[in-house]
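Asker: Sharing target-v1.txt below, compact mmCIF, C-alpha atoms:
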# COMPACT_ATOMS: atom_id res chain seq x y z
CA MET A 1 121.03 -85.16 91.56
CA THR A 2 120.17 -82.95 88.63
CA PRO A 3 122.78 -82.55 85.90
CA LEU A 4 123.01 -78.84 86.74
CA LEU A 5 124.10 -79.51 90.28
CA ALA A 6 126.46 -82.24 89.14
CA HIS A 7 128.23 -79.83 86.80
CA VAL A 8 131.87 -79.98 87.71
CA CYS A 9 134.10 -77.14 86.73
CA THR A 10 137.57 -78.29 85.75
CA PRO A 11 140.33 -75.69 85.53
CA GLN A 12 142.43 -75.72 82.38
CA SER A 13 146.20 -75.79 82.64
CA MET A 14 147.93 -72.44 82.26
CA GLY A 15 150.69 -74.36 80.51
CA ASP A 16 148.56 -74.21 77.36
CA TRP A 17 149.70 -70.92 75.86
CA ARG A 18 146.47 -70.30 73.99
CA HIS A 19 144.56 -70.55 77.24
CA LEU A 20 147.07 -68.27 78.93
CA LEU A 21 146.72 -65.66 76.16
CA ALA A 22 142.93 -65.84 76.46
CA VAL A 23 143.15 -65.15 80.19
CA ILE A 24 145.57 -62.26 79.73
CA TRP A 25 143.32 -60.82 77.01
CA ASP A 26 140.33 -61.00 79.36
CA PHE A 27 142.10 -58.92 81.99
CA LEU A 28 143.56 -56.46 79.47
CA SER A 29 140.13 -55.80 77.98
CA LEU A 30 138.40 -55.44 81.34
CA SER A 31 140.92 -52.78 82.36
CA LEU A 32 139.30 -50.02 80.32
CA PHE A 33 135.87 -50.84 81.74
CA SER A 34 136.88 -50.35 85.35
CA LEU A 35 134.56 -47.46 86.12
CA GLY A 36 133.99 -46.03 89.55
CA GLY A 37 137.47 -46.82 90.80
CA GLY A 38 137.46 -50.45 89.77
CA ASN A 39 134.73 -51.89 91.97
CA THR A 40 132.43 -52.27 88.97
CA LEU A 41 134.67 -55.12 87.84
CA LEU A 42 134.02 -57.39 90.82
CA SER A 43 131.12 -59.28 89.17
CA GLU A 44 133.28 -59.87 86.12
CA TYR A 45 136.12 -61.14 88.28
CA HIS A 46 133.70 -63.57 89.87
CA HIS A 47 132.40 -64.66 86.48
CA LEU A 48 135.90 -65.23 85.11
CA SER A 49 137.46 -66.96 88.08
CA VAL A 50 134.50 -69.02 89.30
CA ASP A 51 132.18 -69.72 86.34
CA GLN A 52 134.41 -69.47 83.31
CA TYR A 53 137.88 -70.62 84.33
CA CYS A 54 137.09 -72.48 87.56
CA TRP A 55 140.12 -71.24 89.47
CA LEU A 56 138.14 -70.66 92.64
CA SER A 57 134.93 -71.68 94.32
CA SER A 58 132.37 -68.96 95.02
CA ARG A 59 133.23 -69.34 98.67
CA GLN A 60 136.92 -68.72 98.02
CA PHE A 61 136.01 -65.66 95.97
CA ALA A 62 134.16 -64.20 98.95
CA ASP A 63 137.24 -64.92 101.08
CA ILE A 64 139.72 -63.20 98.82
CA TYR A 65 137.44 -60.21 98.38
CA ALA A 66 137.50 -59.83 102.17
CA LEU A 67 141.27 -60.34 102.17
CA ALA A 68 141.82 -57.64 99.56
CA GLU A 69 139.58 -55.23 101.47
CA ALA A 70 141.35 -55.90 104.75
CA ALA A 71 144.90 -55.72 103.40
CA PRO A 72 146.62 -52.32 103.22
CA GLY A 73 146.79 -50.70 99.80
CA PRO A 74 144.28 -50.36 96.97
CA SER A 75 141.64 -53.11 97.21
CA SER A 76 141.70 -53.46 93.42
CA MET A 77 144.81 -55.58 94.00
CA ILE A 78 142.30 -58.44 94.37
CA VAL A 79 143.25 -59.27 90.77
CA GLY A 80 146.63 -60.41 92.05
CA LEU A 81 144.88 -62.87 94.36
CA LEU A 82 142.69 -64.17 91.52
CA GLY A 83 145.75 -64.73 89.38
CA MET A 84 147.41 -66.50 92.27
CA GLY A 85 144.39 -68.77 92.65
CA ALA A 86 144.74 -69.77 89.00
CA ALA A 87 148.20 -71.26 89.48
CA VAL A 88 148.91 -71.76 93.16
CA GLN A 89 148.29 -75.50 92.95
CA GLU A 90 151.46 -75.66 90.79
CA GLY A 91 153.43 -74.23 93.71
CA PRO A 92 153.92 -70.87 95.45
CA LEU A 93 156.32 -69.50 92.84
CA TRP A 94 153.85 -70.05 90.00
CA GLY A 95 151.12 -68.63 92.18
CA VAL A 96 153.03 -65.39 92.69
CA LEU A 97 154.10 -65.15 89.04
CA SER A 98 150.55 -65.64 87.91
CA GLY A 99 149.30 -63.09 90.43
CA VAL A 100 151.81 -60.47 89.26
CA SER A 101 150.92 -61.10 85.59
CA ALA A 102 147.20 -60.73 86.24
CA GLU A 103 147.76 -57.47 88.11
CA LEU A 104 149.99 -56.10 85.33
CA ALA A 105 147.40 -57.05 82.71
CA ILE A 106 144.55 -55.32 84.52
CA LEU A 107 146.59 -52.15 85.17
CA LEU A 108 148.39 -51.69 81.86
CA PRO A 109 145.62 -50.34 79.59
CA SER A 110 144.07 -48.01 82.18
CA THR A 111 147.54 -46.72 83.07
CA LEU A 112 148.38 -45.91 79.45
CA LEU A 113 145.06 -44.09 79.07
CA MET A 114 145.64 -42.20 82.32
CA VAL A 115 149.10 -41.05 81.14
CA ALA A 116 147.60 -39.81 77.87
CA ALA A 117 144.78 -38.01 79.68
CA SER A 118 147.12 -36.41 82.24
CA LEU A 119 149.32 -35.05 79.48
CA SER A 120 146.42 -33.66 77.43
CA TRP A 121 144.12 -32.66 80.27
CA LYS A 122 144.19 -28.93 79.42
CA ARG A 123 142.50 -29.66 76.09
CA LEU A 124 140.33 -32.46 77.43
CA ARG A 125 138.95 -30.57 80.41
CA ASP A 126 136.43 -28.46 78.50
CA ALA A 127 135.76 -30.90 75.67
CA PRO A 128 132.12 -31.97 75.30
CA ILE A 129 133.14 -35.62 75.33
CA ARG A 130 134.60 -35.21 78.81
CA VAL A 131 131.34 -33.75 80.13
CA ALA A 132 129.22 -36.40 78.39
CA PHE A 133 131.48 -39.20 79.63
CA GLU A 134 131.38 -38.02 83.23
CA ARG A 135 127.63 -37.41 83.34
CA GLY A 136 126.62 -40.39 81.21
CA LEU A 137 128.79 -43.06 82.77
CA GLY A 138 128.04 -41.96 86.34
CA PRO A 139 124.51 -43.42 86.54
CA ILE A 140 125.61 -46.62 84.78
CA THR A 141 128.33 -46.98 87.39
CA LEU A 142 125.74 -46.47 90.11
CA GLY A 143 123.51 -49.27 88.77
CA ILE A 144 126.46 -51.62 88.37
CA LEU A 145 127.72 -50.93 91.89
CA PHE A 146 124.35 -51.95 93.34
CA ALA A 147 124.40 -55.15 91.28
CA VAL A 148 127.96 -55.88 92.39
CA GLY A 149 127.13 -55.24 96.04
CA LEU A 150 124.18 -57.63 95.90
CA LYS A 151 126.26 -60.24 94.13
CA ILE A 152 128.93 -60.18 96.83
CA LEU A 153 126.25 -60.23 99.50
CA ARG A 154 124.69 -63.34 97.97
CA ILE A 155 127.93 -65.26 97.66
CA SER A 156 129.05 -64.31 101.19
CA ASP A 157 125.96 -64.64 103.36
CA HIS A 158 123.83 -67.70 103.76
CA ASP A 159 122.00 -67.35 107.08
CA THR A 160 120.03 -64.67 108.87
CA PRO A 161 122.74 -63.62 111.37
CA ALA A 162 125.15 -63.16 108.47
CA TYR A 163 122.71 -60.94 106.58
CA ALA A 164 122.09 -58.97 109.75
CA VAL A 165 125.82 -58.32 110.26
CA SER A 166 126.18 -57.21 106.63
CA ALA A 167 123.21 -54.85 106.93
CA VAL A 168 124.61 -53.27 110.10
CA VAL A 169 128.06 -52.87 108.52
CA CYS A 170 126.49 -51.29 105.44
CA VAL A 171 124.64 -48.71 107.54
CA LEU A 172 127.72 -47.97 109.67
CA MET A 173 129.85 -47.55 106.53
CA LEU A 174 127.43 -44.88 105.32
CA ARG A 175 126.72 -43.15 108.63
CA THR A 176 130.04 -43.19 110.50
CA LYS A 177 133.73 -42.77 109.76
CA ILE A 178 134.79 -45.84 111.70
CA SER A 179 137.59 -47.71 109.91
CA PRO A 180 136.19 -50.80 108.13
CA LEU A 181 138.99 -52.80 109.73
CA TRP A 182 137.06 -52.64 113.00
CA PHE A 183 133.97 -54.12 111.38
CA MET A 184 136.06 -56.94 109.98
CA ALA A 185 137.71 -57.60 113.32
CA VAL A 186 134.39 -57.76 115.16
CA ALA A 187 132.90 -59.96 112.44
CA ALA A 188 135.92 -62.28 112.64
CA VAL A 189 135.24 -62.73 116.36
CA LEU A 190 131.58 -63.50 115.60
CA GLY A 191 132.75 -66.09 113.08
CA GLY A 192 135.28 -67.57 115.48
CA LEU A 193 132.59 -67.96 118.13
CA GLY A 194 130.40 -69.71 115.59
CA LEU A 195 127.69 -67.00 115.72
CA VAL A 196 127.73 -66.51 111.97
CA ASN A 197 128.20 -69.40 109.59
CA ARG A 198 128.60 -69.86 105.89
CA MET B 1 147.09 -18.28 96.56
CA ASP B 2 149.61 -15.64 95.56
CA PRO B 3 152.92 -17.51 95.35
CA GLN B 4 154.70 -14.66 97.13
CA LEU B 5 152.43 -15.02 100.14
CA ASP B 6 152.80 -18.79 100.28
CA PRO B 7 155.10 -19.41 103.24
CA ARG B 8 155.94 -22.92 102.06
CA PRO B 9 159.23 -23.74 100.32
CA PRO B 10 159.24 -23.50 96.49
CA LEU B 11 158.11 -26.41 94.35
CA HIS B 12 160.66 -29.12 93.72
CA THR B 13 160.82 -31.40 90.67
CA PRO B 14 161.54 -34.96 91.81
CA ASN B 15 163.83 -37.28 89.87
CA HIS B 16 162.77 -40.87 89.17
CA TRP B 17 164.26 -42.21 92.36
CA GLU B 18 162.56 -39.55 94.48
CA LEU B 19 159.26 -40.35 92.78
CA PHE B 20 159.68 -44.01 93.62
CA VAL B 21 160.60 -43.38 97.25
CA GLY B 22 157.92 -40.72 97.73
CA MET B 23 155.19 -43.00 96.43
CA GLN B 24 156.43 -45.74 98.73
CA GLN B 25 156.12 -43.29 101.59
CA VAL B 26 152.51 -42.59 100.53
CA ALA B 27 151.74 -46.30 100.39
CA LEU B 28 153.34 -46.98 103.77
CA SER B 29 151.72 -44.02 105.54
CA SER B 30 148.30 -45.07 104.35
CA PHE B 31 148.49 -48.63 105.67
CA GLY B 32 145.72 -47.76 108.11
CA GLY B 33 143.62 -46.13 105.37
CA GLY B 34 143.07 -42.60 104.04
CA LEU B 35 145.29 -42.92 101.02
CA SER B 36 144.23 -39.79 99.20
CA ALA B 37 144.69 -37.62 102.29
CA TRP B 38 148.17 -39.03 102.78
CA SER B 39 149.19 -38.56 99.18
CA GLU B 40 148.13 -34.92 99.38
CA ARG B 41 150.07 -34.40 102.59
CA ILE B 42 153.21 -35.95 101.16
CA VAL B 43 153.06 -34.79 97.54
CA VAL B 44 151.82 -31.24 98.15
CA GLU B 45 152.89 -30.29 101.66
CA GLN B 46 155.99 -32.29 102.57
CA ARG B 47 157.77 -32.89 99.29
CA ARG B 48 156.36 -29.89 97.42
CA TRP B 49 156.16 -31.64 94.04
CA MET B 50 153.05 -29.76 92.94
CA GLY B 51 150.61 -27.13 94.12
CA GLU B 52 147.21 -27.72 95.62
CA GLN B 53 145.42 -26.92 92.37
CA ASP B 54 147.46 -29.38 90.31
CA PHE B 55 146.83 -32.07 92.86
CA LEU B 56 143.08 -31.50 92.88
CA THR B 57 143.05 -31.64 89.08
CA GLY B 58 144.82 -35.00 89.40
CA LEU B 59 142.13 -36.29 91.73
CA THR B 60 139.47 -35.26 89.23
CA VAL B 61 141.22 -37.00 86.34
CA ALA B 62 141.95 -40.08 88.45
CA ARG B 63 138.29 -40.44 89.41
CA LEU B 64 137.00 -39.82 85.92
CA LEU B 65 139.15 -42.27 84.00
CA PRO B 66 138.95 -46.04 84.21
CA GLY B 67 141.24 -47.69 86.72
CA PRO B 68 141.57 -47.69 90.51
CA ASN B 69 141.52 -44.09 91.75
CA GLN B 70 144.57 -44.26 93.99
CA ILE B 71 146.61 -45.99 91.34
CA ASN B 72 145.50 -43.47 88.73
CA MET B 73 146.59 -40.70 91.09
CA ALA B 74 150.11 -42.15 91.28
CA VAL B 75 150.13 -42.38 87.49
CA TYR B 76 149.06 -38.73 87.25
CA VAL B 77 151.83 -37.55 89.58
CA GLY B 78 154.49 -39.58 87.80
CA SER B 79 153.40 -38.72 84.29
CA ARG B 80 153.32 -34.98 84.98
CA PHE B 81 157.10 -35.06 85.45
CA TYR B 82 158.36 -37.79 83.12
CA GLY B 83 155.45 -39.09 81.05
CA LEU B 84 155.21 -42.84 80.80
CA SER B 85 158.47 -43.62 82.60
CA GLY B 86 157.50 -41.39 85.51
CA ALA B 87 154.09 -43.03 85.65
CA LEU B 88 155.58 -46.51 85.81
CA VAL B 89 158.08 -45.54 88.49
CA ALA B 90 155.38 -43.90 90.62
CA LEU B 91 153.10 -46.89 90.14
CA GLY B 92 155.89 -49.27 91.14
CA GLY B 93 156.60 -47.22 94.25
CA MET B 94 152.95 -47.15 95.17
CA LEU B 95 152.37 -50.88 94.71
CA LEU B 96 155.63 -52.63 95.60
CA LEU B 97 155.13 -53.01 99.35
CA PRO B 98 151.35 -53.48 99.59
CA PHE B 99 151.32 -55.89 96.66
CA SER B 100 154.17 -57.98 98.08
CA LEU B 101 152.37 -58.13 101.39
CA LEU B 102 149.15 -59.13 99.64
CA MET B 103 150.94 -61.94 97.80
CA LEU B 104 152.21 -63.25 101.15
CA LEU B 105 148.71 -63.05 102.62
CA GLY B 106 147.37 -64.80 99.54
CA LEU B 107 149.82 -67.67 99.86
CA GLY B 108 148.88 -67.96 103.50
CA TYR B 109 145.24 -68.04 102.50
CA TYR B 110 145.53 -70.62 99.72
CA TYR B 111 147.56 -72.96 101.89
CA LEU B 112 145.57 -72.55 105.10
CA HIS B 113 141.97 -71.81 104.16
CA GLU B 114 140.81 -75.34 104.78
CA THR B 115 142.06 -75.16 108.36
CA LEU B 116 139.05 -75.05 110.65
CA TRP B 117 139.83 -71.88 112.62
CA VAL B 118 140.88 -69.91 109.52
CA ASP B 119 137.63 -70.91 107.84
CA ARG B 120 135.65 -69.88 110.91
CA LEU B 121 137.27 -66.45 111.15
CA LEU B 122 136.80 -65.87 107.42
CA ALA B 123 133.15 -66.92 107.63
CA GLY B 124 132.75 -63.93 109.95
CA VAL B 125 134.96 -61.49 108.05
CA ILE B 126 133.11 -61.99 104.77
CA THR B 127 129.84 -60.85 106.33
CA ALA B 128 131.52 -57.52 107.09
CA SER B 129 133.09 -57.23 103.64
CA ALA B 130 129.72 -58.03 102.06
CA GLY B 131 128.25 -55.12 104.00
CA MET B 132 131.06 -52.90 102.71
CA ALA B 133 130.35 -54.04 99.15
CA LEU B 134 126.67 -53.28 99.59
CA SER B 135 127.45 -49.75 100.76
CA MET B 136 129.31 -48.80 97.55
CA GLY B 137 126.19 -48.00 95.57
CA PHE B 138 124.49 -46.10 98.41
CA LYS B 139 127.64 -44.04 98.88
CA ILE B 140 127.36 -42.35 95.48
CA ALA B 141 123.56 -42.58 95.05
CA HIS B 142 122.86 -39.14 96.56
CA SER B 143 124.45 -37.34 93.59
CA TYR B 144 121.75 -38.69 91.29
CA THR B 145 118.53 -38.47 93.30
CA ARG B 146 117.42 -35.23 91.59
CA ASP B 147 117.84 -36.50 88.06
CA PRO B 148 115.10 -38.96 87.05
CA VAL B 149 116.88 -39.86 83.81
CA ALA B 150 120.02 -40.77 85.74
CA LEU B 151 118.01 -42.90 88.14
CA GLY B 152 116.37 -44.61 85.17
CA ILE B 153 119.75 -45.34 83.58
CA ALA B 154 121.00 -46.69 86.90
CA ALA B 155 117.92 -48.90 87.31
CA VAL B 156 118.24 -50.31 83.79
CA SER B 157 121.96 -51.03 84.31
CA PHE B 158 121.22 -52.69 87.62
CA LEU B 159 118.46 -54.89 86.19
CA ALA B 160 120.50 -55.78 83.12
CA MET B 161 123.31 -57.01 85.29
CA ASP B 162 121.49 -58.48 88.28
CA VAL B 163 118.41 -60.00 86.65
CA PHE B 164 119.41 -60.58 83.04
CA HIS B 165 123.07 -61.36 83.72
CA VAL B 166 124.37 -59.09 80.99
CA ARG B 167 128.15 -58.92 81.18
CA LEU B 168 129.84 -55.63 81.99
CA ILE B 169 131.57 -54.97 78.67
CA PRO B 170 128.49 -55.31 76.42
CA LEU B 171 126.44 -53.38 78.98
CA VAL B 172 128.82 -50.41 79.00
CA LEU B 173 129.30 -50.56 75.23
CA VAL B 174 125.55 -50.26 74.65
CA ALA B 175 124.37 -48.10 77.56
CA GLY B 176 127.47 -45.88 77.61
CA PRO B 177 127.08 -44.22 74.20
CA LEU B 178 123.30 -43.80 74.70
CA ALA B 179 123.78 -42.13 78.07
CA MET B 180 126.60 -39.99 76.70
CA ALA B 181 124.39 -38.85 73.81
CA TRP B 182 121.68 -37.84 76.28
CA TYR B 183 124.10 -35.85 78.43
CA TRP B 184 126.11 -34.39 75.53
CA PRO B 185 126.39 -30.67 76.33
CA ARG B 186 124.09 -28.68 74.05
CA ARG B 187 125.07 -25.27 72.89
CA THR B 188 122.87 -22.75 74.64
CA PRO B 189 120.81 -20.86 72.00
CA GLN B 190 122.02 -17.32 71.43
CA PRO B 191 119.36 -14.69 72.14
Once you've parsed the file, please lay out its structure as structure tokens.

Answerer:
Amino acid sequence: MTPLLAHVCTPQSMGDWRHLLAVIWDFLSLSLFSLGGGNTLLSEYHHLSVDQYCWLSSRQFADIYALAEAAPGPSSMIVGLLGMGAAVQEGPLWGVLSGVSAELAILLPSTLLMVAASLSWKRLRDAPIRVAFERGLGPITLGILFAVGLKILRISDHDTPAYAVSAVVCVLMLRTKISPLWFMAVAAVLGGLGLVNR
Amino acid sequence: MDPQLDPRPPLHTPNHWELFVGMQQVALSSFGGGLSAWSERIVVEQRRWMGEQDFLTGLTVARLLPGPNQINMAVYVGSRFYGLSGALVALGGMLLLPFSLLMLLGLGYYYLHETLWVDRLLAGVITASAGMALSMGFKIAHSYTRDPVALGIAAVSFLAMDVFHVRLIPLVLVAGPLAMAWYWPRRTPQP
């Protein structure tokens, strides 16, 4: 086995306050970079939780992304599930506390900025910086969303039937108004029958 | 619309409690999806907290600024009445129920995901969610197809992230200002 494959990721304890502060800082700073409604952050979430802090396996990340998409409410709440994954082995209470903290950290900075912008929107609306921000960041968001989509595709699908299902769902998402919950339900049946595998 | 012709009841300023309950109603109604349509129905039509125009402005601001759009919309509604405290109350109302439910689902997941049948079902579900993730880029791509510079910026951002594994924050910090400089509105020359 090559050393690369043998690399074992060991999670650090959240009991170490310096580690905890580092994690909170990571989420706080990502908050202001959540363009395009927050989906641009998904690659970063994967990087933090799988590669950097080893809270989850790539496989678990794919699972909780699906869970957050299927659950009612904004799918950006996936951060709560990541936080939970960081501490759930200490018990359910720590899992929930950690999940709530992660969600608060990711929402706080963008919320403060949103309050400021809502209150000063009359002046901001026609400011050149508003126009430049909207038109300049749009294409960057577009490129990032494609990268994020491919990333999630790669960590989720590993055989041809799986890729085929994803491709069909992608086309149906763009061409129809069918609720995505139906796609997930049908795909769950395919998984249950063993027609698609990891 | 001329306010005198508007047959709907006059606008009503909610107090903090009403904000909280109203946002919970929005969250609950949208459990099957369509959150922005529901928030318009409840905020503009049923509870009459703001007019159509104000609401649409909110949608614009919520989409423009960083943060999840629906959550930003709640923050906009709350902050218009009571600034930061209104924003926090609206946010709490919007998130309390769905987030609690998600935490329960999460606990269920972390304790059961090694069970064979749960793993099997999830192996299927993630193929669908991967398809949904893939559609995100295509969904907004049509707005940029006529602007070669925008497509170039998008391609560079994509390659930076996908091929060269540049992290999001440095990418946006470098590409953002450059793109903004390119699109900075120029004063039209006076004849």

Asker: Write out as a ChimeraX atom specification every residue belonging to chain B that has an atom at most 6 Å from any atom of chain A, counting all atoms listed in the file.

Answerer: /B:31,66-69,76,79,98,120-121,123-135,137,150,153-155,157-158,162,179-180,183-185

Asker: Keeping C-alpha atoms, export the residues of the selection given above as a PDB file, in the coordinates of the input.

Answerer:
ATOM      1  CA  PHE B  31     148.490 -48.630 105.670  1.00  0.00           C
ATOM      2  CA  PRO B  66     138.950 -46.040  84.210  1.00  0.00           C
ATOM      3  CA  GLY B  67     141.240 -47.690  86.720  1.00  0.00           C
ATOM      4  CA  PRO B  68     141.570 -47.690  90.510  1.00  0.00           C
ATOM      5  CA  ASN B  69     141.520 -44.090  91.750  1.00  0.00           C
ATOM      6  CA  TYR B  76     149.060 -38.730  87.250  1.00  0.00           C
ATOM      7  CA  SER B  79     153.400 -38.720  84.290  1.00  0.00           C
ATOM      8  CA  PRO B  98     151.350 -53.480  99.590  1.00  0.00           C
ATOM      9  CA  ARG B 120     135.650 -69.880 110.910  1.00  0.00           C
ATOM     10  CA  LEU B 121     137.270 -66.450 111.150  1.00  0.00           C
ATOM     11  CA  ALA B 123     133.150 -66.920 107.630  1.00  0.00           C
ATOM     12  CA  GLY B 124     132.750 -63.930 109.950  1.00  0.00           C
ATOM     13  CA  VAL B 125     134.960 -61.490 108.050  1.00  0.00           C
ATOM     14  CA  ILE B 126     133.110 -61.990 104.770  1.00  0.00           C
ATOM     15  CA  THR B 127     129.840 -60.850 106.330  1.00  0.00           C
ATOM     16  CA  ALA B 128     131.520 -57.520 107.090  1.00  0.00           C
ATOM     17  CA  SER B 129     133.090 -57.230 103.640  1.00  0.00           C
ATOM     18  CA  ALA B 130     129.720 -58.030 102.060  1.00  0.00           C
ATOM     19  CA  GLY B 131     128.250 -55.120 104.000  1.00  0.00           C
ATOM     20  CA  MET B 132     131.060 -52.900 102.710  1.00  0.00           C
ATOM     21  CA  ALA B 133     130.350 -54.040  99.150  1.00  0.00           C
ATOM     22  CA  LEU B 134     126.670 -53.280  99.590  1.00  0.00           C
ATOM     23  CA  SER B 135     127.450 -49.750 100.760  1.00  0.00           C
ATOM     24  CA  GLY B 137     126.190 -48.000  95.570  1.00  0.00           C
ATOM     25  CA  ALA B 150     120.020 -40.770  85.740  1.00  0.00           C
ATOM     26  CA  ILE B 153     119.750 -45.340  83.580  1.00  0.00           C
ATOM     27  CA  ALA B 154     121.000 -46.690  86.900  1.00  0.00           C
ATOM     28  CA  ALA B 155     117.920 -48.900  87.310  1.00  0.00           C
ATOM     29  CA  SER B 157     121.960 -51.030  84.310  1.00  0.00           C
ATOM     30  CA  PHE B 158     121.220 -52.690  87.620  1.00  0.00           C
ATOM     31  CA  ASP B 162     121.490 -58.480  88.280  1.00  0.00           C
ATOM     32  CA  ALA B 179     123.780 -42.130  78.070  1.00  0.00           C
ATOM     33  CA  MET B 180     126.600 -39.990  76.700  1.00  0.00           C
ATOM     34  CA  TYR B 183     124.100 -35.850  78.430  1.00  0.00           C
ATOM     35  CA  TRP B 184     126.110 -34.390  75.530  1.00  0.00           C
ATOM     36  CA  PRO B 185     126.390 -30.670  76.330  1.00  0.00           C
TER      37      PRO B 185
END

Asker: Set the distance at 12 Å and use all atoms listed in the file: which residues neighbour B:Trp17 once local chain neighbours fewer than 2 positions away are removed? I'd like the list as a PyMOL selection string.

Answerer: chain B and resi 13-15+19-24+78+82+85-86+88-90+92-93

Asker: What box, with edges along x, y and z, holds each listed atom of stretch 168-187 of chain A when 5 Å is added on every side, and can you state its centre and edge lengths in Å to one decimal, as lines of an AutoDock Vina configuration file?

Answerer:
center_x = 131.8
center_y = -51.4
center_z = 110.2
size_x = 24.4
size_y = 27.2
size_z = 19.8

Asker: Can you tell me which residues surround B:Gly34 at a distance of at most 12 Å, considering only C-alpha atoms, apart from same-chain residues fewer than 4 positions away, and format the answer as a list in words?

Answerer: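 In the requested format, the answer is Pro72, Gly73, Pro74, Lys177, Ile178, Ser179 and Pro180 of chain A; Val26, Ala27, Leu28, Ser29, Ser30, Trp38, Ser39, Glu40, Arg41 and Gln70 of chain B.
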
Asker: Dig up all the protein and nucleic acid residues within 9 Å of (142.3, -34.8, 87.3) in the file frame, using only C-alpha atoms, and format them as a list in words.

Answerer: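 Within the cut-off we find Ala117, Ser118, Trp121 and Arg125 of chain A; Asp54, Phe55, Leu56, Thr57, Gly58, Leu59, Thr60, Val61, Ala62, Arg63, Leu64, Leu65, Met73 and Tyr76 of chain B.
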
Asker: What is the atom CA of A:Gln52-atom CA of B:Met103 distance in Å, reported with one decimal?

Answerer: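 Calculated distance between atom CA of A:Gln52 and atom CA of B:Met103 is 23.2 Å.
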
Asker: Report the distance between atom CA of B:Val43 and atom CA of B:Gly83 in Å, rounded to one decimal place.

Answerer: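 These two atoms are separated by 17.2 Å.
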
Asker: To one decimal in Å, tell me the separation between atom CA of A:Val79 and atom CA of B:Gly176.

Answerer: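 The value is 24.5 Å.
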
Asker: When you count all atoms listed in the file, which of these residues is closest to B:Val44: B:Val163, B:Leu173, B:Leu11, B:Leu91?

Answerer: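 Counting all atoms listed in the file, the residue closest to B:Val44 is B:Leu11.
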